[in-house]
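K.L.:
Right, I'll just put the structure down here and ask away after.
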Amino acid sequence: MSSISLLELNLRVKEWVKNSLSIPLWVHAEINEIHENASGICYLELVEKGADEFIVAKQKAIIWASNYRMLKPYFESVTQISLQEGIKISVLCRVEFHELYGMSLVITDIDPAYTLGDVALRKQIIIERLMADGVWDMNKELPLPKVPQRIAIISSATAAGYGDFLHQLKNNKYGYGFSVQLFSAIMQGNQVETSVVAAFDEIYESIDQYDVVVLIRGGGATSDLASFDSYKLASHLAQFPLPVICGIGHQRDNTILDMIANTRVNTPTAAADFLIERIHLFELGMDDLLQQIINIGSEKINLERLSLLNAISTLSVSAKYNLLNQRVAFDDIYAKLQLMLKMKIKNEETFLAQTRKILDANSPENVLKKGYALILKDDNYIANSTDLRSDDSIKIVFNDGIKKALIE
């Protein structure tokens with residue numbers, strides 16, 4: 001059995017590739033790995049995944065430095081997305097086969113529209129999935145505290161935007177105080193999803209200590225925002241039980257996190273301003289309420305004062321009328337008392353006169369004139385015969401004189 005060497009086989013394959021695949025082809029795939037060496041050459045590993053997200057094809061690719069210097073800024077300026085792992089690209093490439101290094105794709109051009117379409121499609125799929133899960137509006141429906149002063153911040157500790165946020169809060173013109181706690185997270189690159197989800201989980205462990213969560217990413221390229229179009233991260237944020245204020249992009253950007261957060265702002269400074277103004281609005285409302293209370297109180301006092309004056313006037317007239325009535329009644333009673341007193345005196349005088357006549361009629365002198373006599377013993381009147389004994393000396397008083405006698 002005859003055979004050929006491996007080198008011969010590879011040379012035949014190289015020749016076949018050169019003859020059969022000499023015309024560049026547009027190929028679409030997902031970037032699985034990407035890195036740039038010191039000389040500016042970009043090395044990639046391109047993959048294709050099946051419906052179950054398992055890799056079904058894999059191929060090495062290269063962009064020579066001279067092309068990479070043009071393709072990278074062109075792609076990122078159009079798509080606002082950096083060339084990074086996980087995105088899908090459509091590239092013009094030629095197939096090369098080297099007897100020692102094997103097959104590779106040499107990329108000479110890239111189509112930003114394909115990536116934009118894929119990004120938009122993936123974004124729409126995530127949006128529809130969140131809506132189907134019933135979580136799309138959950139964080140938006142949470143009521144924002146009227147006085148949000150206890151703030152949990154998810155940001156990079158070294159980000160300039162984090163410093164801007166703190167400076168704006170601390171130096172607010174109203175002098176409001178805030179309690180701020182940083183939950184540090186990676187805000188760009190492949191670790192954004194895992195890091196930010198971990199920060200949310202850490203906040204949840206002490207959730208009663210905070211009023212709102214502020215998710216901010218200051219500065220940086222807009223192309224780095226693709227990491228925030230993540231289903232896992234969006235689902236986590238949507239179902240978080242505290243209102244989330246999201247400021248991770250610029251006004252022209254609109255990530256999925258911006259869409260589902262309770263409140264979206266453009267910058268970290270704008271996030272601070274939002275919190276400050278919300279408290280200020282509450283304070284103004286309290287001032288208005290206080291003024292309303294003062295106005296209502298003043299109106300009530302004035303009404304009560306008028307009512308009191310009316311009552312005093314009515315009472316004065318009533319008192320005078322009652323006093324007049326009482327005076328008339330008193331005069332009437334006084335007249336009746338005088339009449340009754342005169343009648344009483346007259347009756348008593350009549351009674352006394354009659355009593356005097358009776359007393360006069362029954363006086364000892366008048367009784368003696370009627371033929372009666374008084375018996376005295378030792379100058380004491382004798383009323384009963386048993387009071388006398390034999391040989392008692394008595395006096396018998398008559399109307400016209402006194403006689404002595406001796407009891408036998």
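Naming works like this for the structure tokens: A, B, ... for the chains as they're shown, residue 1 at the start of each chain, ligands 1 onward in shown order.
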Any idea what's packed within 12 Å of Ile402 in chain A, counting only C-alpha atoms, ignoring anything in its chain fewer than 6 positions away? Could you give it as number ranges by chain?

P.N.:
A: 368, 373-376, 394-396

K.L.:
Quick one: residues within 9 Å of Phe178 in chain A, only C-alpha atoms, excluding same-chain residues fewer than 4 positions away - as a VMD selection string?

P.N.:
chain A and resid 148 to 151 169 to 170

K.L.:
Using N, CA and C atoms, can you write the selected residues to a file as a short mmCIF file (atom, residue, chain, number, x, y, z; two decimals), in the first residue's frame?

P.N.:
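And here is the file that came out, selection.cif:
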```
data_model
loop_
_atom_site.label_atom_id
_atom_site.label_comp_id
_atom_site.auth_asym_id
_atom_site.auth_seq_id
_atom_site.Cartn_x
_atom_site.Cartn_y
_atom_site.Cartn_z
N PRO A 148 -35.38 60.65 48.62
CA PRO A 148 -34.39 59.59 48.47
C PRO A 148 -33.01 60.04 48.95
N GLN A 149 -32.66 59.71 50.17
CA GLN A 149 -31.39 60.16 50.73
C GLN A 149 -30.42 59.03 51.03
N ARG A 150 -30.92 57.79 51.07
CA ARG A 150 -30.05 56.64 51.33
C ARG A 150 -29.78 55.94 49.98
N ILE A 151 -28.58 56.15 49.45
CA ILE A 151 -28.29 55.76 48.07
C ILE A 151 -27.29 54.61 48.02
N LEU A 169 -23.62 65.62 44.77
CA LEU A 169 -24.49 65.41 45.93
C LEU A 169 -24.02 66.22 47.13
N LYS A 170 -22.73 66.14 47.41
CA LYS A 170 -22.18 66.78 48.61
C LYS A 170 -22.29 68.29 48.56
#
```

K.L.:
Would you please work out which residue, of A:Glu365, A:Arg122, A:Ala272, A:Thr79, is nearest to Gly401 in chain A when using only C-alpha atoms?

P.N.:
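Checking each of A:Glu365, A:Arg122, A:Ala272, A:Thr79 against Gly401 in chain A, counting only C-alpha atoms, the winner is A:Glu365.
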
K.L.:
Hey, which of A:Lys146, A:Arg129, A:Asp360, A:Asn295 ends up closest to Leu281 in chain A? Count only C-alpha atoms.

P.N.:
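Once distances to Leu281 in chain A are computed over only C-alpha atoms, the minimum belongs to A:Lys146.
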
K.L.:
Please provide the set of residues having any atom within 7 Å of range 27-40 of chain A, restricted to only C-alpha atoms, with same-chain residues fewer than 4 positions apart removed, written as number ranges by chain.

P.N.:
A: 44-48, 65, 84-92

K.L.:
Those same residues, written as a short mmCIF file (atom, residue, chain, number, x, y, z; two decimals), in the first residue's frame with C-alpha atoms?

P.N.:
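Ended up saving to part.cif:
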```
data_model
loop_
_atom_site.label_atom_id
_atom_site.label_comp_id
_atom_site.auth_asym_id
_atom_site.auth_seq_id
_atom_site.Cartn_x
_atom_site.Cartn_y
_atom_site.Cartn_z
CA LEU A 44 -9.42 36.21 16.08
CA GLU A 45 -11.17 32.95 16.63
CA LEU A 46 -14.46 32.87 14.78
CA VAL A 47 -17.22 30.43 15.66
CA GLU A 48 -20.72 29.51 14.62
CA ALA A 65 -1.89 45.59 10.99
CA GLN A 84 -15.06 42.31 21.05
CA GLU A 85 -15.94 38.80 22.00
CA GLY A 86 -19.56 37.83 21.62
CA ILE A 87 -20.57 40.06 18.71
CA LYS A 88 -21.38 38.80 15.24
CA ILE A 89 -19.56 40.17 12.22
CA SER A 90 -19.67 39.79 8.46
CA VAL A 91 -16.18 40.00 6.93
CA LEU A 92 -14.64 39.81 3.50
#
```

K.L.:
Looking at A:Ile260, A:Ala329, A:Ala226, A:Leu7, which one is nearest to Gln239 in chain A, with distances taken over only C-alpha atoms?

P.N.:
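That would be A:Ile260, the residue with the smallest distance to Gln239 in chain A.
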
K.L.:
Write down as an MDAnalysis selection string the residues of range 2-60 of chain A whose backbone DSSP state falls under alpha helix (DSSP H).

P.N.:
chainID A and resid 6:20

K.L.:
Taking only C-alpha atoms into account, which of A:Ala132, A:Ala159, A:Leu233, A:Ile245 comes nearest Arg217 in chain A?

P.N.:
A:Ala159

K.L.:
Please, what distance in Å, to one decimal, runs between CA of Ile333 in chain A and CA of Glu348 in chain A?

P.N.:
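Separating CA of Ile333 in chain A from CA of Glu348 in chain A is a distance of 21.6 Å.
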
K.L.:
Could you please determine the separation between CA of Asp208 in chain A and CA of Gly134 in chain A in Å, to one decimal place?

P.N.:
25.1 Å

K.L.:
Near Ile407 in chain A, within 9 Å and counting only C-alpha atoms, which residues show up once chain neighbours fewer than 6 positions away are dropped, as a VMD selection string?

P.N.:
chain A and resid 388 to 394
